[in-house]
Amino acid sequence: MLMSSVVERIRGLLFSPMKTFDASKDDTLGNVAVYFITILAICAVFSGITGWLVFHHGVAMIVMIVFVFVLGILGVFIVGLWIHIWVYLFGGRKGVTQTLKALMYGATPNCLLGWIPIAGIFTVLWTLVLQIVGIRQLHELSTRRAVLAVILAMVLAVSIPLTVPYAATGTWRIGFAMESQSMEPNMQVGDLIFVQAPHRANIVTYEEGKLLDYKSLNNYGDVIIYHPNGLHSVRPIIHRAMYWVEMGEEMPGGKPALHAGYITKGDNNSGYDQPNLQPVKPEWVIAVAKERVPYLGYPSVILNNIE
């Protein structure tokens, strides 16, 4: 597909979507895929540039480019097949190819503008509306049926991945991005840390771990994610629980503990978090770290640094 054709198709989808979708009923899936890959590549490159501007690191740029591109390719086919089930149930009989075309063409706003943080929500909604229009026009459905098919598919696609992990881990948030070097070498910046709810885990401190020969993430004891001083407005800290102190017992630095709680420390830090912070009360613990996956946390890290 020539670049002029891509530009013409972009203009039509953004400003005359119904007419453009009607004219694209005979487009081959191959040609539509070439269009989609082209605009997805634009999104991936600009996302990578954003990563480089934030971190000034080539690795972050490469990770973002690969992440956006691969996730986009896999996502459009996986989501497309899922949505087509519901399109079929609501009367769409034009074939899965038309559904995939609607999603690929409909992704135009998100691919062109979605890499801009402040435009994120707007482009997602624009893309959703455009994809519904595509489903309606290409499958010749009523607006009501097209809306119900897409919205129901999206709601279930979000709720199922949330409820199943919650049942397994006991928490709605199953992962945190590692944003600092404080836990190196056992956790790296950009790692995605999978967690378990604290009420599902018996937190073992570093001192207890040495006695029990229990290790988590390459060192004794558990790594906990907690609100420093119980403040929900402050970004959570991901550090290892070193030992427990009772109220009045001496903390690192010699000060008495104001209350009972965990003394924590980053594996890469020379000193403890306390006495700069108060001992971590159990109710301040959000989650317990269990596993890490390299690089998958970079998108979250980049967005948080932009904010």
# chains A, B, ... in the order shown; residues from 1 in each chain; ligands from 1
>>> residues_around(residues="range 242-254 of chain A", least_positions_apart="3", cutoff="8 Å", atoms="only C-alpha atoms", output="PyMOL selection string")
chain A and resi 205-208+221+257-265+272+274-275+279
>>> residues_around(residues="range 65-74 of chain A", least_positions_apart="2", cutoff="9 Å", atoms="only C-alpha atoms", output="list in words")
Phe36, Ile37, Leu40, Ala41, Cys43, Ala44, Val45, Phe46, Ser47, Gly48, Ile49, Gly51, Ala60, Met61, Ile62, Val63, Val76, Phe77, Ile78, Val79, Leu296 and Pro299 of chain A
>>> write_last_selection(atoms="N, CA and C atoms", output="mmCIF file, in the first residue's frame")
data_model
loop_
_atom_site.group_PDB
_atom_site.id
_atom_site.type_symbol
_atom_site.label_atom_id
_atom_site.label_comp_id
_atom_site.auth_asym_id
_atom_site.auth_seq_id
_atom_site.Cartn_x
_atom_site.Cartn_y
_atom_site.Cartn_z
ATOM 1 N N PHE A 36 -2.674 -1.362 8.751
ATOM 2 C CA PHE A 36 -2.610 -1.412 10.210
ATOM 3 C C PHE A 36 -1.167 -1.480 10.698
ATOM 4 N N ILE A 37 -0.353 -2.300 10.068
ATOM 5 C CA ILE A 37 1.054 -2.418 10.458
ATOM 6 C C ILE A 37 1.780 -1.086 10.275
ATOM 7 N N LEU A 40 0.611 1.219 13.061
ATOM 8 C CA LEU A 40 1.109 0.679 14.328
ATOM 9 C C LEU A 40 2.601 0.947 14.473
ATOM 10 N N ALA A 41 3.332 0.854 13.369
ATOM 11 C CA ALA A 41 4.764 1.151 13.399
ATOM 12 C C ALA A 41 5.005 2.616 13.775
ATOM 13 N N CYS A 43 3.054 4.412 15.687
ATOM 14 C CA CYS A 43 2.787 4.485 17.128
ATOM 15 C C CYS A 43 3.963 3.922 17.922
ATOM 16 N N ALA A 44 4.512 2.787 17.469
ATOM 17 C CA ALA A 44 5.611 2.146 18.184
ATOM 18 C C ALA A 44 6.851 3.038 18.207
ATOM 19 N N VAL A 45 7.163 3.652 17.085
ATOM 20 C CA VAL A 45 8.350 4.506 17.002
ATOM 21 C C VAL A 45 8.204 5.726 17.916
ATOM 22 N N PHE A 46 7.057 6.381 17.866
ATOM 23 C CA PHE A 46 6.865 7.559 18.715
ATOM 24 C C PHE A 46 6.804 7.180 20.195
ATOM 25 N N SER A 47 6.265 6.007 20.508
ATOM 26 C CA SER A 47 6.282 5.528 21.894
ATOM 27 C C SER A 47 7.716 5.288 22.350
ATOM 28 N N GLY A 48 8.536 4.733 21.445
ATOM 29 C CA GLY A 48 9.936 4.516 21.765
ATOM 30 C C GLY A 48 10.684 5.819 21.988
ATOM 31 N N ILE A 49 10.393 6.818 21.161
ATOM 32 C CA ILE A 49 11.028 8.132 21.324
ATOM 33 C C ILE A 49 10.636 8.733 22.669
ATOM 34 N N GLY A 51 9.924 7.047 25.342
ATOM 35 C CA GLY A 51 10.714 6.318 26.332
ATOM 36 C C GLY A 51 12.134 6.839 26.413
ATOM 37 N N ALA A 60 15.374 1.514 26.808
ATOM 38 C CA ALA A 60 13.981 1.877 27.043
ATOM 39 C C ALA A 60 13.259 2.138 25.722
ATOM 40 N N MET A 61 13.949 2.795 24.790
ATOM 41 C CA MET A 61 13.343 3.079 23.494
ATOM 42 C C MET A 61 13.057 1.800 22.729
ATOM 43 N N ILE A 62 14.033 0.896 22.698
ATOM 44 C CA ILE A 62 13.860 -0.364 21.979
ATOM 45 C C ILE A 62 12.756 -1.204 22.600
ATOM 46 N N VAL A 63 12.746 -1.272 23.937
ATOM 47 C CA VAL A 63 11.717 -2.052 24.632
ATOM 48 C C VAL A 63 10.332 -1.527 24.304
ATOM 49 N N VAL A 76 -4.699 -7.291 18.146
ATOM 50 C CA VAL A 76 -5.775 -7.080 17.184
ATOM 51 C C VAL A 76 -6.385 -8.410 16.737
ATOM 52 N N PHE A 77 -5.571 -9.455 16.655
ATOM 53 C CA PHE A 77 -6.113 -10.751 16.248
ATOM 54 C C PHE A 77 -6.829 -11.454 17.403
ATOM 55 N N ILE A 78 -6.242 -11.398 18.591
ATOM 56 C CA ILE A 78 -6.882 -12.039 19.744
ATOM 57 C C ILE A 78 -8.196 -11.344 20.087
ATOM 58 N N VAL A 79 -8.141 -10.015 20.178
ATOM 59 C CA VAL A 79 -9.355 -9.247 20.482
ATOM 60 C C VAL A 79 -10.362 -9.379 19.346
ATOM 61 N N LEU A 296 8.672 -5.749 31.237
ATOM 62 C CA LEU A 296 7.236 -5.525 31.053
ATOM 63 C C LEU A 296 6.715 -4.346 31.869
ATOM 64 N N PRO A 299 6.508 0.326 30.288
ATOM 65 C CA PRO A 299 5.435 1.269 29.914
ATOM 66 C C PRO A 299 4.886 2.033 31.112
#
>>> select_by_dssp(residues="range 80-140 of chain A", states="alpha helix (DSSP H)", output="PDB file with C-alpha atoms, in the first residue's frame")
ATOM      1  CA  GLY A  80     -10.755  -9.528  16.968  1.00  0.00           C
ATOM      2  CA  LEU A  81     -11.591 -13.213  17.352  1.00  0.00           C
ATOM      3  CA  TRP A  82     -13.149 -12.553  20.769  1.00  0.00           C
ATOM      4  CA  ILE A  83     -15.290  -9.664  19.516  1.00  0.00           C
ATOM      5  CA  HIS A  84     -16.358 -11.650  16.452  1.00  0.00           C
ATOM      6  CA  ILE A  85     -17.983 -14.250  18.707  1.00  0.00           C
ATOM      7  CA  TRP A  86     -20.266 -11.543  20.063  1.00  0.00           C
ATOM      8  CA  VAL A  87     -20.788  -9.916  16.664  1.00  0.00           C
ATOM      9  CA  TYR A  88     -21.946 -13.317  15.379  1.00  0.00           C
ATOM     10  CA  LEU A  89     -24.277 -13.787  18.350  1.00  0.00           C
ATOM     11  CA  VAL A  96     -14.431 -12.790  10.820  1.00  0.00           C
ATOM     12  CA  THR A  97     -12.466 -10.968   8.113  1.00  0.00           C
ATOM     13  CA  GLN A  98     -14.866  -8.029   8.271  1.00  0.00           C
ATOM     14  CA  THR A  99     -14.546  -7.900  12.064  1.00  0.00           C
ATOM     15  CA  LEU A 100     -10.755  -7.833  11.866  1.00  0.00           C
ATOM     16  CA  LYS A 101     -10.923  -5.112   9.207  1.00  0.00           C
ATOM     17  CA  ALA A 102     -13.196  -3.026  11.450  1.00  0.00           C
ATOM     18  CA  LEU A 103     -10.740  -3.295  14.341  1.00  0.00           C
ATOM     19  CA  MET A 104      -7.648  -2.610  12.230  1.00  0.00           C
ATOM     20  CA  TYR A 105      -9.140   0.407  10.502  1.00  0.00           C
ATOM     21  CA  GLY A 106     -10.783   1.515  13.746  1.00  0.00           C
ATOM     22  CA  THR A 108      -6.375   4.605  13.505  1.00  0.00           C
ATOM     23  CA  PRO A 109      -6.896   7.309  16.207  1.00  0.00           C
ATOM     24  CA  ASN A 110      -5.122   5.271  18.893  1.00  0.00           C
ATOM     25  CA  CYS A 111      -2.171   4.417  16.662  1.00  0.00           C
ATOM     26  CA  LEU A 112      -1.673   7.975  15.457  1.00  0.00           C
ATOM     27  CA  LEU A 113      -2.277   9.818  18.743  1.00  0.00           C
ATOM     28  CA  GLY A 120      -4.743   8.645  25.849  1.00  0.00           C
ATOM     29  CA  ILE A 121      -8.346   8.500  27.100  1.00  0.00           C
ATOM     30  CA  PHE A 122      -9.639  10.599  24.205  1.00  0.00           C
ATOM     31  CA  THR A 123      -8.033   8.397  21.559  1.00  0.00           C
ATOM     32  CA  VAL A 124      -9.225   5.186  23.245  1.00  0.00           C
ATOM     33  CA  LEU A 125     -12.824   6.438  23.167  1.00  0.00           C
ATOM     34  CA  TRP A 126     -12.442   7.662  19.587  1.00  0.00           C
ATOM     35  CA  THR A 127     -11.052   4.271  18.580  1.00  0.00           C
ATOM     36  CA  LEU A 128     -13.891   2.439  20.331  1.00  0.00           C
ATOM     37  CA  VAL A 129     -16.531   4.528  18.534  1.00  0.00           C
ATOM     38  CA  LEU A 130     -14.764   4.076  15.193  1.00  0.00           C
ATOM     39  CA  GLN A 131     -14.585   0.305  15.650  1.00  0.00           C
ATOM     40  CA  ILE A 132     -18.286   0.153  16.509  1.00  0.00           C
ATOM     41  CA  VAL A 133     -19.038   2.128  13.351  1.00  0.00           C
ATOM     42  CA  GLY A 134     -16.856  -0.313  11.403  1.00  0.00           C
ATOM     43  CA  ILE A 135     -18.679  -3.334  12.843  1.00  0.00           C
ATOM     44  CA  ARG A 136     -22.029  -1.747  12.025  1.00  0.00           C
ATOM     45  CA  GLN A 137     -21.129  -0.832   8.439  1.00  0.00           C
ATOM     46  CA  LEU A 138     -19.146  -3.934   7.475  1.00  0.00           C
ATOM     47  CA  HIS A 139     -21.574  -6.407   9.067  1.00  0.00           C
TER      48      HIS A 139
END
